[in-house]
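Peer 1: Take this structure, written in C-alpha cells, and hold onto it; I'll ask about it next.
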Amino acid sequence: MMEVRHLRYFVAVASELHFARAAERLNIAPPTLSAQIKSLESHLGVELFTRSTKKKVELTYAGRQFQKRALNLLENFDLAERFVREAARGEVGDVRLGYVLATATAGHVKDLIKAVRAELPSIMMHIHRMESVPQLRAIGAGTLDIGMLRAMDTYPAGIGAFSLPQQRFCLAVHRDHPLAQQKRITPEILAKQHFIAYELDAEVGFWRNISSVLPLGTIPHIALRVPDAVSLLTLVSANVGVAIVQESFKKIVDEDVVFRHISGRGTYSPNVVVYRTHEPSPAVQGVLKVIRQALGPKK
C-alpha cells in the first residue's frame, strides 16, 4: 500500500537524482531508501527510475509524470495537515454572528470584525441581522454561533451572556412633533405619548425601551407595532408616533427625525453577547475571546 512517506521518499530522490544525497536529506540509510523506492515501484507496477550507477539515477517518463502528481499530493497533504492543526487551535474556521441593528449602528459589529481580522485572520465571519428571539433560537439550534442582542432577564438553558458597552435611550420624534421643541423630556411627558413599538415576537428586551423611561406603573399607549427597527424609524419619520430607541440610531435616520435625551431612570440600553456555554468549536471560542478583549466590560 502506498503511503505519504513513499511519496516523500520518491520526491526526494527525484529532486536529487542521487540516492545517497536523498537519503541524507531524509535522514535515513541509503539501503532503506532504495528498498522503499523499489517497494513503491512494485506497488505501482512501473519503473520510476533508471539506475545508471548504484547511486546516480534518472527519472523514467512514468517517473516524470508521477513526480508532478506526487508534488501536488504532498502540497495538498501539507496544507490539510496545517489546516487541521490551525483548526484545533481555533485559528481557522467559519463563525456565524447574529446581530440586532443597534449593535451595528453602535459600531460593535464593525469593531468585532476588525479585531478578528487582526487577531485571527484565517477566521471567516458570516454576519446575519436578526432580532433577539430568532437569534436565541438559531444559537440553540446550532445554525448561529454568537449573537449580539438586547439584554434579557433570563436566557435558555445552555446559553450564556456577557455585556457590551451600554447605549443611551433617546426619544425619536418627527421634527414637526411638539416634543421636538422640548429641551427636556421627562417620564411624565412621555406617559401621554403614542408609541411605535415592536411586534410581540420581536420586542423581547425592547419592552424595557418604553417601560423603563415611563413613570412606574404606567401602561404605554401603543399606536402601531412593527417587525424591525427600520420600520419603526420609518413610521416616526412619517409622524405616526414617537419611539424610544438607542442613541446610535441617529446614524441611519433621515432629516425628518430628531433625537431628544430623556431624563430620569432607565435611560441606558444594555446589550449583550450570547453564546453556547458548552461550545465545541475552537474557532468560536477564539472569536468569543477576541470579543471579550475588544468589546467586553473593562476591569
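Residue numbering restarts at 1 for every chain of the C-alpha cells, chains are lettered A, B, ... in their displayed order, and ligands are numbered from 1 as they appear.
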Any idea what's packed within 9 Å of Ala238 (chain A), counting only C-alpha atoms, ignoring anything in its chain fewer than 4 positions away? Could you give it as a ChimeraX atom specification?
Peer 2: /A:174,233-234,256-257
Peer 1: Could you please take those selected residues and save C-alpha atoms as an mmCIF file, in the first residue's frame?
Peer 2:
```cif
data_model
loop_
_atom_site.group_PDB
_atom_site.id
_atom_site.type_symbol
_atom_site.label_atom_id
_atom_site.label_comp_id
_atom_site.auth_asym_id
_atom_site.auth_seq_id
_atom_site.Cartn_x
_atom_site.Cartn_y
_atom_site.Cartn_z
ATOM 1 C CA HIS A 174 -40.634 63.875 13.825
ATOM 2 C CA LEU A 233 -37.968 54.680 12.320
ATOM 3 C CA THR A 234 -39.853 54.941 9.015
ATOM 4 C CA ASP A 256 -37.285 64.468 9.413
ATOM 5 C CA VAL A 257 -36.365 62.579 12.602
#
```
Peer 1: Just list as an NGL selection string whatever in region 110-252 of chain A DSSP marks as strand (DSSP E).
Peer 2: :A and (122-129 or 146-150 or 159-163 or 167-174 or 194-198 or 221-226 or 243-246)
Peer 1: Hey, what's within 7 Å of region 262-276 of chain A if we count only C-alpha atoms and toss same-chain stuff fewer than 4 positions away? As a list in words, please?
Peer 2: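 Contacts, in chain order: Ile139, Asp145, Ile146, Gly147, Met148, Leu149, Arg150, Ala151, Gly158, Ile159, Gly160, Ala161, Phe162, Ser163, Leu164, Gln166, Gln167, Arg168, Phe169, Cys170, Leu171, Arg184, Ile185, Thr186, Pro187, Ser212, Val213 and Gln246 of chain A.
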Peer 1: Fewer than 6 positions away in the same chain doesn't count, so skip those; otherwise give me all residues within 12 Å of region 16-29 of chain A, counting only C-alpha atoms, as a CSV table (one decimal) with N, CA and C atoms, in the first residue's frame.
Peer 2:
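Final file, result10.csv:
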```csv
chain,number,residue,atom,x,y,z
A,5,ARG,N,4.7,8.6,3.2
A,5,ARG,CA,6.2,8.6,3.3
A,5,ARG,C,6.8,8.1,2.0
A,6,HIS,N,6.1,7.2,1.2
A,6,HIS,CA,6.6,6.8,0.0
A,6,HIS,C,6.7,7.9,-1.0
A,8,ARG,N,7.1,11.1,-0.2
A,8,ARG,CA,8.2,11.9,0.2
A,8,ARG,C,9.6,11.3,-0.2
A,9,TYR,N,9.7,10.0,-0.1
A,9,TYR,CA,11.0,9.4,-0.5
A,9,TYR,C,11.2,9.6,-2.0
A,10,PHE,N,10.1,9.3,-2.7
A,10,PHE,CA,10.2,9.4,-4.2
A,10,PHE,C,10.6,10.8,-4.6
A,35,ALA,N,15.3,0.4,-0.8
A,35,ALA,CA,14.3,-0.6,-0.6
A,35,ALA,C,12.9,0.0,-0.7
A,36,GLN,N,12.7,1.2,-0.2
A,36,GLN,CA,11.3,1.8,-0.2
A,36,GLN,C,10.9,2.2,-1.6
A,37,ILE,N,11.9,2.7,-2.4
A,37,ILE,CA,11.6,3.1,-3.8
A,37,ILE,C,11.2,1.8,-4.6
A,48,LEU,N,10.2,3.8,-12.0
A,48,LEU,CA,10.2,5.3,-11.8
A,48,LEU,C,11.5,5.9,-12.1
A,49,PHE,N,12.6,5.0,-11.9
A,49,PHE,CA,13.9,5.5,-12.2
A,49,PHE,C,14.7,4.5,-13.0
A,50,THR,N,15.7,5.0,-13.8
A,50,THR,CA,16.7,4.1,-14.4
A,50,THR,C,18.0,4.3,-13.6
A,51,ARG,N,18.6,3.2,-13.2
A,51,ARG,CA,19.8,3.3,-12.4
A,51,ARG,C,21.0,3.3,-13.3
A,52,SER,N,21.7,4.4,-13.5
A,52,SER,CA,22.9,4.4,-14.3
A,52,SER,C,24.1,3.9,-13.5
A,53,THR,N,24.1,4.2,-12.2
A,53,THR,CA,25.1,3.6,-11.2
A,53,THR,C,24.3,3.2,-10.0
A,54,LYS,N,25.0,2.7,-9.0
A,54,LYS,CA,24.4,2.3,-7.8
A,54,LYS,C,23.7,3.4,-7.1
A,55,LYS,N,24.3,4.6,-7.3
A,55,LYS,CA,23.8,5.8,-6.5
A,55,LYS,C,23.1,6.8,-7.4
A,56,LYS,N,23.6,7.0,-8.6
A,56,LYS,CA,23.0,8.0,-9.5
A,56,LYS,C,21.9,7.4,-10.3
A,57,VAL,N,20.8,8.2,-10.4
A,57,VAL,CA,19.6,7.7,-11.1
A,57,VAL,C,19.0,8.8,-12.0
A,58,GLU,N,18.1,8.4,-12.9
A,58,GLU,CA,17.4,9.3,-13.8
A,58,GLU,C,15.9,8.9,-13.7
A,59,LEU,N,15.0,9.9,-13.9
A,59,LEU,CA,13.6,9.6,-14.0
A,59,LEU,C,13.2,9.0,-15.3
A,60,THR,N,12.4,8.0,-15.2
A,60,THR,CA,11.8,7.5,-16.5
A,60,THR,C,10.6,8.4,-16.9
A,63,GLY,N,8.1,8.2,-14.4
A,63,GLY,CA,8.6,8.8,-13.2
A,63,GLY,C,8.4,10.3,-13.2
A,64,ARG,N,8.6,10.9,-14.4
A,64,ARG,CA,8.4,12.4,-14.5
A,64,ARG,C,7.0,12.8,-14.4
```
Peer 1: CA of Glu3 (chain A) and CA of Asn76 (chain A), how far apart in Å?
Peer 2: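 Between CA of Asn76 (chain A) and CA of Glu3 (chain A) the gap works out to 14.3 Å.
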Peer 1: A:Val240, A:Met2, A:Leu295, A:Ala180: which is nearest His261 (chain A), counting only C-alpha atoms?
Peer 2: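 For His261 (chain A), the nearest of the given residues is A:Ala180.
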Peer 1: Between CA of Val245 (chain A) and CA of Lys192 (chain A), what is the distance in Å, rounded to a tenth?
Peer 2: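 Taking CA of Val245 (chain A) as the start and CA of Lys192 (chain A) as the end point, the length is 17.5 Å.
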Peer 1: Would you give me, as a PyMOL selection string, the residues in region 82-269 of chain A that DSSP reads as helix (DSSP H, G or I)?
Peer 2: chain A and resi 82-88+101-105+108-119+132-141+178-181+187-190+207-211+229-237+247-252
Peer 1: So, with only C-alpha atoms as the atoms that count, which of A:His221, A:Val287, A:Met1, A:Gln293 lies closest to Ile113 (chain A)?
Peer 2: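 Among the listed residues, A:Val287 lies closest to Ile113 (chain A).
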Peer 1: Contacts of Ser237 (chain A) at 12 Å or less, counting only C-alpha atoms, minus same-chain residues fewer than 6 places along, as a list in words?
Peer 2: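 So the residues in contact are Ala172, Val173, His174, Arg175, Asp176, His177, Ile196, Val230, Ser231, Ala243, Ile252, Val253, Asp254, Glu255, Asp256, Val257, Val258 and Phe259 of chain A.
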Peer 1: Kindly indicate which residue among A:Ser42, A:Gln135, A:Gln193, A:Ser211 lies nearest to Pro178 (chain A), using only C-alpha atoms for the distances.
Peer 2: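 Of all the options, A:Gln193 lies closest to Pro178 (chain A).
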Peer 1: How many Å lie between CA of Gln285 (chain A) and CA of Ser122 (chain A), rounded to one decimal?
Peer 2: 14.3 Å
Peer 1: Nearest to Val11 (chain A): which of A:Asn239, A:Thr277, A:Gln65, A:Ser132 is it, counting only C-alpha atoms?
Peer 2: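 The closest residue to Val11 (chain A) is A:Gln65.
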